[in-house]
Amino acid sequence: MRGLSRRSGGALTAGTTALAGLSALGLLMAGCSTGGTGTRDEGEAPRSDKVAHATPSPSASSPAPFTKVDPVRLLKGDPKVSSRVKAELKPCTKDEYPIDVTYGHLTGTTGQDVVVNVMNCSDAVGLGSYVYRASGASYDNVFTAEETPVYAEIDRGDLVVTRQMYAPGDKPAFASSEVVTTYRWSGGTNGRFAQQDQVENDYSKAVDGSGTPAPLPATP
């Protein structure tokens with residue numbers, strides 16, 4: 001049985017080879033009958049080196065820019081700002097006011113919110129922090145903190161207010177502690193800021209900048 005199978009396979013191979021040879025001869029003769037070139041004369045073939053110009057996909061939409069406000073005008077026209085802070089609201093040099101302004105979204109509206117911090121010119125101690133909420137073409141004061149020194153910031157959609165606490169004898173640059181309070185807007189359009197968290201940090205009295213200076217590194 002093995003020998004029969006082997007011989008049958010050999011005959012099949014020989015027959016296949018013969019048929020392939022005849023087919024090749026027929027193709028060669030057909031090519032000669034078209035003009036001797038062996039190719040089809042049907043014009044220029046598409047060039048493979050042409051690069052298709054794909055339409056670039058649109059990039060991700062950029063966030064809408066914030067509308068800048070005049071913080072000095074905003075504060076001076078706000079009845080919720082104390083007369084003490086307004087008295088300190090003056091330029092330190094030329095037309096530079098000691099004011100920090102932050103734009104963001106705190107109240108969950110499509111409009112913008114503005115955080116304004118007022119400091120003094122001498123040592124940048126925070127005199128007051130305010131949050132203004134866009135209301136059409138105007139702004140509403142929705143948060144006021146004037147317990148000096150104070151500073152407000154936006155942190156991932158929350159309002160974070162830092163108040164430094166001084167003990168008798170503390171230097172302005174070295175407070176005894178600080179209280180960090182996190183507020184979150186609640187209640188929608190007519191909402192308010194509600195306290196979410198509070199942390200108090202007590203600082204060491206041993207490091208106040210008045211001790212013996214650190215030794216210089218040894219010369220190699």
# chains A, B, ... in the order shown; residues from 1 in each chain; ligands from 1

call {"tool": "residues_around", "arguments": {"residues": "A:Val160", "least_positions_apart": "6", "cutoff": "9 Å", "atoms": "only C-alpha atoms", "output": "count of residues only"}}
result
9

call {"tool": "residues_around", "arguments": {"residues": "A:Lys86", "least_positions_apart": "5", "cutoff": "9 Å", "atoms": "only C-alpha atoms", "output": "PDB file with N, CA and C atoms, in the first residue's frame"}}
result
ATOM      1  N   LEU A  75     -13.766  95.928  43.235  1.00  0.00           N
ATOM      2  CA  LEU A  75     -13.686  96.051  44.689  1.00  0.00           C
ATOM      3  C   LEU A  75     -14.216  97.389  45.185  1.00  0.00           C
ATOM      4  N   LYS A  76     -13.842  98.459  44.504  1.00  0.00           N
ATOM      5  CA  LYS A  76     -14.269  99.786  44.949  1.00  0.00           C
ATOM      6  C   LYS A  76     -15.779  99.974  44.837  1.00  0.00           C
ATOM      7  N   VAL A  81     -17.180  95.069  50.519  1.00  0.00           N
ATOM      8  CA  VAL A  81     -15.764  95.272  50.846  1.00  0.00           C
ATOM      9  C   VAL A  81     -15.675  96.363  51.900  1.00  0.00           C
TER      10      VAL A  81
END

call {"tool": "closest_residue", "arguments": {"among": "A:Asn141, A:Thr102, A:Thr107, A:Thr148", "to": "A:Leu74", "atoms": "only C-alpha atoms"}}
result
A:Asn141

call {"tool": "residues_around", "arguments": {"residues": "A:Val131", "least_positions_apart": "4", "cutoff": "7 Å", "atoms": "only C-alpha atoms", "output": "ChimeraX atom specification"}}
result
/A:113-116,141-144

call {"tool": "write_last_selection", "arguments": {"atoms": "C-alpha atoms", "output": "JSON list (two decimals), in the first residue's frame"}}
result
[["chain", "number", "residue", "atom", "x", "y", "z"],
["A", 113, "ASP", "CA", -16.02, 83.00, 38.74],
["A", 114, "VAL", "CA", -13.32, 85.41, 39.87],
["A", 115, "VAL", "CA", -11.28, 85.11, 43.07],
["A", 116, "VAL", "CA", -9.67, 88.37, 44.20],
["A", 141, "ASN", "CA", -20.09, 88.97, 45.52],
["A", 142, "VAL", "CA", -20.80, 85.44, 46.81],
["A", 143, "PHE", "CA", -17.96, 85.12, 49.33],
["A", 144, "THR", "CA", -16.07, 87.54, 51.58]]

call {"tool": "select_by_dssp", "arguments": {"residues": "stretch 73-198 of chain A", "states": "strand (DSSP E)", "output": "tab-separated table (two decimals) with N, CA, C and O atoms, in the first residue's frame"}}
result
chain	number	residue	atom	x	y	z
A	99	ILE	N	-2.83	93.09	44.21
A	99	ILE	CA	-4.02	92.27	44.01
A	99	ILE	C	-3.67	91.04	43.18
A	99	ILE	O	-2.99	91.15	42.15
A	100	ASP	N	-4.12	89.88	43.64
A	100	ASP	CA	-4.02	88.64	42.86
A	100	ASP	C	-5.41	88.27	42.37
A	100	ASP	O	-6.38	88.32	43.14
A	101	VAL	N	-5.51	87.90	41.10
A	101	VAL	CA	-6.80	87.56	40.51
A	101	VAL	C	-6.71	86.16	39.90
A	101	VAL	O	-5.76	85.85	39.17
A	102	THR	N	-7.70	85.31	40.20
A	102	THR	CA	-7.77	83.95	39.66
A	102	THR	C	-9.13	83.75	39.00
A	102	THR	O	-10.17	84.06	39.60
A	103	TYR	N	-9.11	83.22	37.76
A	103	TYR	CA	-10.34	82.94	37.03
A	103	TYR	C	-10.58	81.43	37.01
A	103	TYR	O	-9.65	80.65	36.86
A	104	GLY	N	-11.84	81.04	37.17
A	104	GLY	CA	-12.15	79.61	37.16
A	104	GLY	C	-13.64	79.38	37.30
A	104	GLY	O	-14.47	80.28	37.05
A	113	ASP	N	-16.14	82.44	37.40
A	113	ASP	CA	-16.02	83.00	38.74
A	113	ASP	C	-14.64	83.64	38.86
A	113	ASP	O	-13.67	83.20	38.23
A	114	VAL	N	-14.57	84.67	39.69
A	114	VAL	CA	-13.32	85.41	39.87
A	114	VAL	C	-12.98	85.47	41.34
A	114	VAL	O	-13.81	85.91	42.15
A	115	VAL	N	-11.78	85.03	41.70
A	115	VAL	CA	-11.28	85.11	43.07
A	115	VAL	C	-10.29	86.26	43.14
A	115	VAL	O	-9.33	86.30	42.36
A	116	VAL	N	-10.53	87.19	44.06
A	116	VAL	CA	-9.67	88.37	44.20
A	116	VAL	C	-9.09	88.39	45.60
A	116	VAL	O	-9.83	88.29	46.59
A	117	ASN	N	-7.76	88.50	45.69
A	117	ASN	CA	-7.05	88.62	46.96
A	117	ASN	C	-6.39	89.99	47.03
A	117	ASN	O	-5.64	90.38	46.12
A	118	VAL	N	-6.66	90.70	48.11
A	118	VAL	CA	-6.06	92.02	48.34
A	118	VAL	C	-5.01	91.90	49.43
A	118	VAL	O	-5.26	91.31	50.49
A	119	MET	N	-3.82	92.45	49.16
A	119	MET	CA	-2.71	92.40	50.12
A	119	MET	C	-2.21	93.81	50.40
A	119	MET	O	-2.60	94.76	49.71
A	126	GLY	N	-2.26	89.17	53.41
A	126	GLY	CA	-3.59	89.19	52.83
A	126	GLY	C	-4.58	89.96	53.68
A	126	GLY	O	-4.79	89.64	54.86
A	127	LEU	N	-5.21	90.97	53.09
A	127	LEU	CA	-6.18	91.81	53.81
A	127	LEU	C	-7.61	91.34	53.60
A	127	LEU	O	-8.46	91.54	54.46
A	128	GLY	N	-7.88	90.73	52.46
A	128	GLY	CA	-9.24	90.29	52.16
A	128	GLY	C	-9.27	89.41	50.94
A	128	GLY	O	-8.47	89.55	50.02
A	129	SER	N	-10.20	88.44	50.95
A	129	SER	CA	-10.39	87.52	49.82
A	129	SER	C	-11.86	87.53	49.44
A	129	SER	O	-12.75	87.49	50.31
A	130	TYR	N	-12.13	87.55	48.12
A	130	TYR	CA	-13.49	87.69	47.64
A	130	TYR	C	-13.71	86.79	46.42
A	130	TYR	O	-12.79	86.57	45.63
A	131	VAL	N	-14.93	86.29	46.30
A	131	VAL	CA	-15.31	85.50	45.13
A	131	VAL	C	-16.48	86.21	44.45
A	131	VAL	O	-17.49	86.52	45.10
A	132	TYR	N	-16.31	86.48	43.16
A	132	TYR	CA	-17.35	87.13	42.37
A	132	TYR	C	-17.88	86.16	41.32
A	132	TYR	O	-17.11	85.52	40.60
A	133	ARG	N	-19.18	86.08	41.24
A	133	ARG	CA	-19.86	85.17	40.34
A	133	ARG	C	-20.49	85.96	39.19
A	133	ARG	O	-21.19	86.95	39.41
A	134	ALA	N	-20.20	85.52	37.96
A	134	ALA	CA	-20.74	86.22	36.80
A	134	ALA	C	-22.26	86.13	36.77
A	134	ALA	O	-22.84	85.05	36.95
A	135	SER	N	-22.90	87.26	36.54
A	135	SER	CA	-24.35	87.34	36.44
A	135	SER	C	-24.69	88.27	35.29
A	135	SER	O	-24.84	89.49	35.47
A	138	SER	N	-22.65	91.66	34.75
A	138	SER	CA	-22.13	92.12	36.04
A	138	SER	C	-21.65	90.94	36.87
A	138	SER	O	-21.72	89.78	36.44
A	139	TYR	N	-21.19	91.25	38.09
A	139	TYR	CA	-20.68	90.21	38.99
A	139	TYR	C	-21.27	90.40	40.38
A	139	TYR	O	-21.40	91.53	40.86
A	140	ASP	N	-21.60	89.28	41.00
A	140	ASP	CA	-22.15	89.29	42.35
A	140	ASP	C	-21.11	88.76	43.33
A	140	ASP	O	-20.45	87.75	43.06
A	141	ASN	N	-20.98	89.43	44.46
A	141	ASN	CA	-20.09	88.97	45.52
A	141	ASN	C	-20.78	87.81	46.26
A	141	ASN	O	-21.82	88.01	46.89
A	142	VAL	N	-20.20	86.61	46.17
A	142	VAL	CA	-20.80	85.44	46.81
A	142	VAL	C	-19.94	84.90	47.96
A	142	VAL	O	-20.32	83.92	48.60
A	143	PHE	N	-18.80	85.55	48.21
A	143	PHE	CA	-17.96	85.12	49.33
A	143	PHE	C	-17.05	86.26	49.73
A	143	PHE	O	-16.42	86.91	48.88
A	144	THR	N	-16.94	86.49	51.04
A	144	THR	CA	-16.07	87.54	51.58
A	144	THR	C	-15.37	87.03	52.82
A	144	THR	O	-16.00	86.45	53.71
A	145	ALA	N	-14.05	87.21	52.89
A	145	ALA	CA	-13.26	86.86	54.08
A	145	ALA	C	-12.25	87.98	54.30
A	145	ALA	O	-11.40	88.23	53.44
A	150	VAL	N	-5.34	86.55	55.22
A	150	VAL	CA	-6.17	85.54	54.58
A	150	VAL	C	-5.80	85.49	53.09
A	150	VAL	O	-5.39	86.49	52.50
A	151	TYR	N	-5.99	84.30	52.52
A	151	TYR	CA	-5.71	84.13	51.09
A	151	TYR	C	-6.60	83.00	50.57
A	151	TYR	O	-6.70	81.95	51.21
A	152	ALA	N	-7.23	83.21	49.41
A	152	ALA	CA	-8.15	82.24	48.83
A	152	ALA	C	-7.62	81.75	47.48
A	152	ALA	O	-7.01	82.52	46.72
A	153	GLU	N	-7.89	80.47	47.19
A	153	GLU	CA	-7.44	79.85	45.95
A	153	GLU	C	-8.51	78.89	45.44
A	153	GLU	O	-9.40	78.47	46.19
A	154	ILE	N	-8.39	78.53	44.15
A	154	ILE	CA	-9.25	77.51	43.54
A	154	ILE	C	-8.46	76.22	43.46
A	154	ILE	O	-7.36	76.20	42.91
A	155	ASP	N	-9.03	75.16	44.00
A	155	ASP	CA	-8.37	73.86	43.96
A	155	ASP	C	-9.36	72.80	43.50
A	155	ASP	O	-10.22	72.37	44.26
A	158	ASP	N	-12.97	73.54	44.10
A	158	ASP	CA	-13.31	73.96	45.47
A	158	ASP	C	-12.61	75.27	45.80
A	158	ASP	O	-11.57	75.61	45.23
A	159	LEU	N	-13.19	75.98	46.75
A	159	LEU	CA	-12.57	77.21	47.25
A	159	LEU	C	-11.79	76.88	48.51
A	159	LEU	O	-12.35	76.36	49.48
A	160	VAL	N	-10.50	77.17	48.50
A	160	VAL	CA	-9.63	76.88	49.64
A	160	VAL	C	-9.14	78.20	50.22
A	160	VAL	O	-8.49	78.99	49.52
A	161	VAL	N	-9.47	78.44	51.48
A	161	VAL	CA	-9.12	79.69	52.15
A	161	VAL	C	-8.14	79.40	53.27
A	161	VAL	O	-8.41	78.55	54.14
A	162	THR	N	-7.01	80.10	53.25
A	162	THR	CA	-5.96	79.91	54.25
A	162	THR	C	-5.87	81.15	55.14
A	162	THR	O	-5.74	82.28	54.63
A	163	ARG	N	-5.95	80.92	56.45
A	163	ARG	CA	-5.82	82.02	57.42
A	163	ARG	C	-4.64	81.71	58.34
A	163	ARG	O	-4.60	80.67	59.00
A	164	GLN	N	-3.69	82.61	58.37
A	164	GLN	CA	-2.53	82.45	59.25
A	164	GLN	C	-2.87	82.98	60.63
A	164	GLN	O	-3.49	84.04	60.77
A	165	MET	N	-2.42	82.24	61.63
A	165	MET	CA	-2.71	82.59	63.02
A	165	MET	C	-1.41	83.01	63.71
A	165	MET	O	-0.41	82.28	63.67
A	177	SER	N	0.65	79.27	63.38
A	177	SER	CA	-0.14	78.21	62.76
A	177	SER	C	-0.95	78.79	61.62
A	177	SER	O	-0.97	80.01	61.40
A	178	GLU	N	-1.61	77.90	60.91
A	178	GLU	CA	-2.52	78.33	59.86
A	178	GLU	C	-3.71	77.37	59.81
A	178	GLU	O	-3.58	76.18	60.11
A	179	VAL	N	-4.85	77.92	59.45
A	179	VAL	CA	-6.08	77.13	59.31
A	179	VAL	C	-6.49	77.16	57.85
A	179	VAL	O	-6.68	78.23	57.26
A	180	VAL	N	-6.60	75.98	57.26
A	180	VAL	CA	-6.96	75.84	55.85
A	180	VAL	C	-8.38	75.27	55.78
A	180	VAL	O	-8.63	74.15	56.24
A	181	THR	N	-9.29	76.04	55.20
A	181	THR	CA	-10.70	75.64	55.12
A	181	THR	C	-11.09	75.47	53.66
A	181	THR	O	-10.80	76.34	52.83
A	182	THR	N	-11.76	74.36	53.38
A	182	THR	CA	-12.23	74.07	52.03
A	182	THR	C	-13.74	74.28	51.97
A	182	THR	O	-14.48	73.75	52.80
A	183	TYR	N	-14.16	75.06	50.97
A	183	TYR	CA	-15.58	75.33	50.76
A	183	TYR	C	-16.01	74.78	49.41
A	183	TYR	O	-15.22	74.75	48.45
A	184	ARG	N	-17.27	74.36	49.33
A	184	ARG	CA	-17.83	73.87	48.07
A	184	ARG	C	-19.20	74.51	47.85
A	184	ARG	O	-20.00	74.64	48.78
A	185	TRP	N	-19.43	74.89	46.60
A	185	TRP	CA	-20.70	75.53	46.27
A	185	TRP	C	-21.83	74.51	46.27
A	185	TRP	O	-21.70	73.41	45.74
A	186	SER	N	-22.95	74.89	46.84
A	186	SER	CA	-24.11	74.00	46.87
A	186	SER	C	-25.37	74.82	46.70
A	186	SER	O	-25.42	75.99	47.10
A	192	ARG	N	-24.83	78.70	47.90
A	192	ARG	CA	-23.83	79.36	48.73
A	192	ARG	C	-22.65	78.41	48.91
A	192	ARG	O	-22.72	77.23	48.55
A	193	PHE	N	-21.58	78.92	49.50
A	193	PHE	CA	-20.42	78.09	49.81
A	193	PHE	C	-20.61	77.46	51.18
A	193	PHE	O	-20.84	78.14	52.17
A	194	ALA	N	-20.50	76.14	51.22
A	194	ALA	CA	-20.61	75.40	52.47
A	194	ALA	C	-19.26	74.78	52.81
A	194	ALA	O	-18.55	74.29	51.94
A	195	GLN	N	-18.91	74.83	54.10
A	195	GLN	CA	-17.63	74.27	54.53
A	195	GLN	C	-17.63	72.75	54.37
A	195	GLN	O	-18.54	72.05	54.78
A	196	GLN	N	-16.54	72.24	53.76
A	196	GLN	CA	-16.39	70.80	53.55
A	196	GLN	C	-15.31	70.19	54.43
A	196	GLN	O	-15.42	69.05	54.86
A	197	ASP	N	-14.28	70.96	54.69
A	197	ASP	CA	-13.16	70.40	55.45
A	197	ASP	C	-12.35	71.54	56.06
A	197	ASP	O	-12.39	72.67	55.57
A	198	GLN	N	-11.63	71.21	57.15
A	198	GLN	CA	-10.77	72.20	57.78
A	198	GLN	C	-9.55	71.50	58.39
A	198	GLN	O	-9.69	70.46	59.03

call {"tool": "closest_residue", "arguments": {"among": "A:Thr67, A:Pro172, A:Glu200, A:Cys121", "to": "A:Lys90", "atoms": "only C-alpha atoms"}}
result
A:Cys121

call {"tool": "atom_distance", "arguments": {"atom1": "atom CA of A:Ser204", "atom2": "atom CA of A:Ala175"}}
result
9.5 Å

call {"tool": "closest_residue", "arguments": {"among": "A:Ser176, A:Pro71, A:Asn120, A:Gly77", "to": "A:Asn201", "atoms": "only C-alpha atoms"}}
result
A:Ser176

call {"tool": "closest_residue", "arguments": {"among": "A:Val199, A:Val85, A:Asp70, A:Gly136", "to": "A:Gly111", "atoms": "only C-alpha atoms"}}
result
A:Gly136

call {"tool": "atom_distance", "arguments": {"atom1": "atom CA of A:Thr93", "atom2": "atom CA of A:Lys68"}}
result
21.7 Å

call {"tool": "atom_distance", "arguments": {"atom1": "atom CA of A:Ala87", "atom2": "atom CA of A:Val69"}}
result
20.7 Å
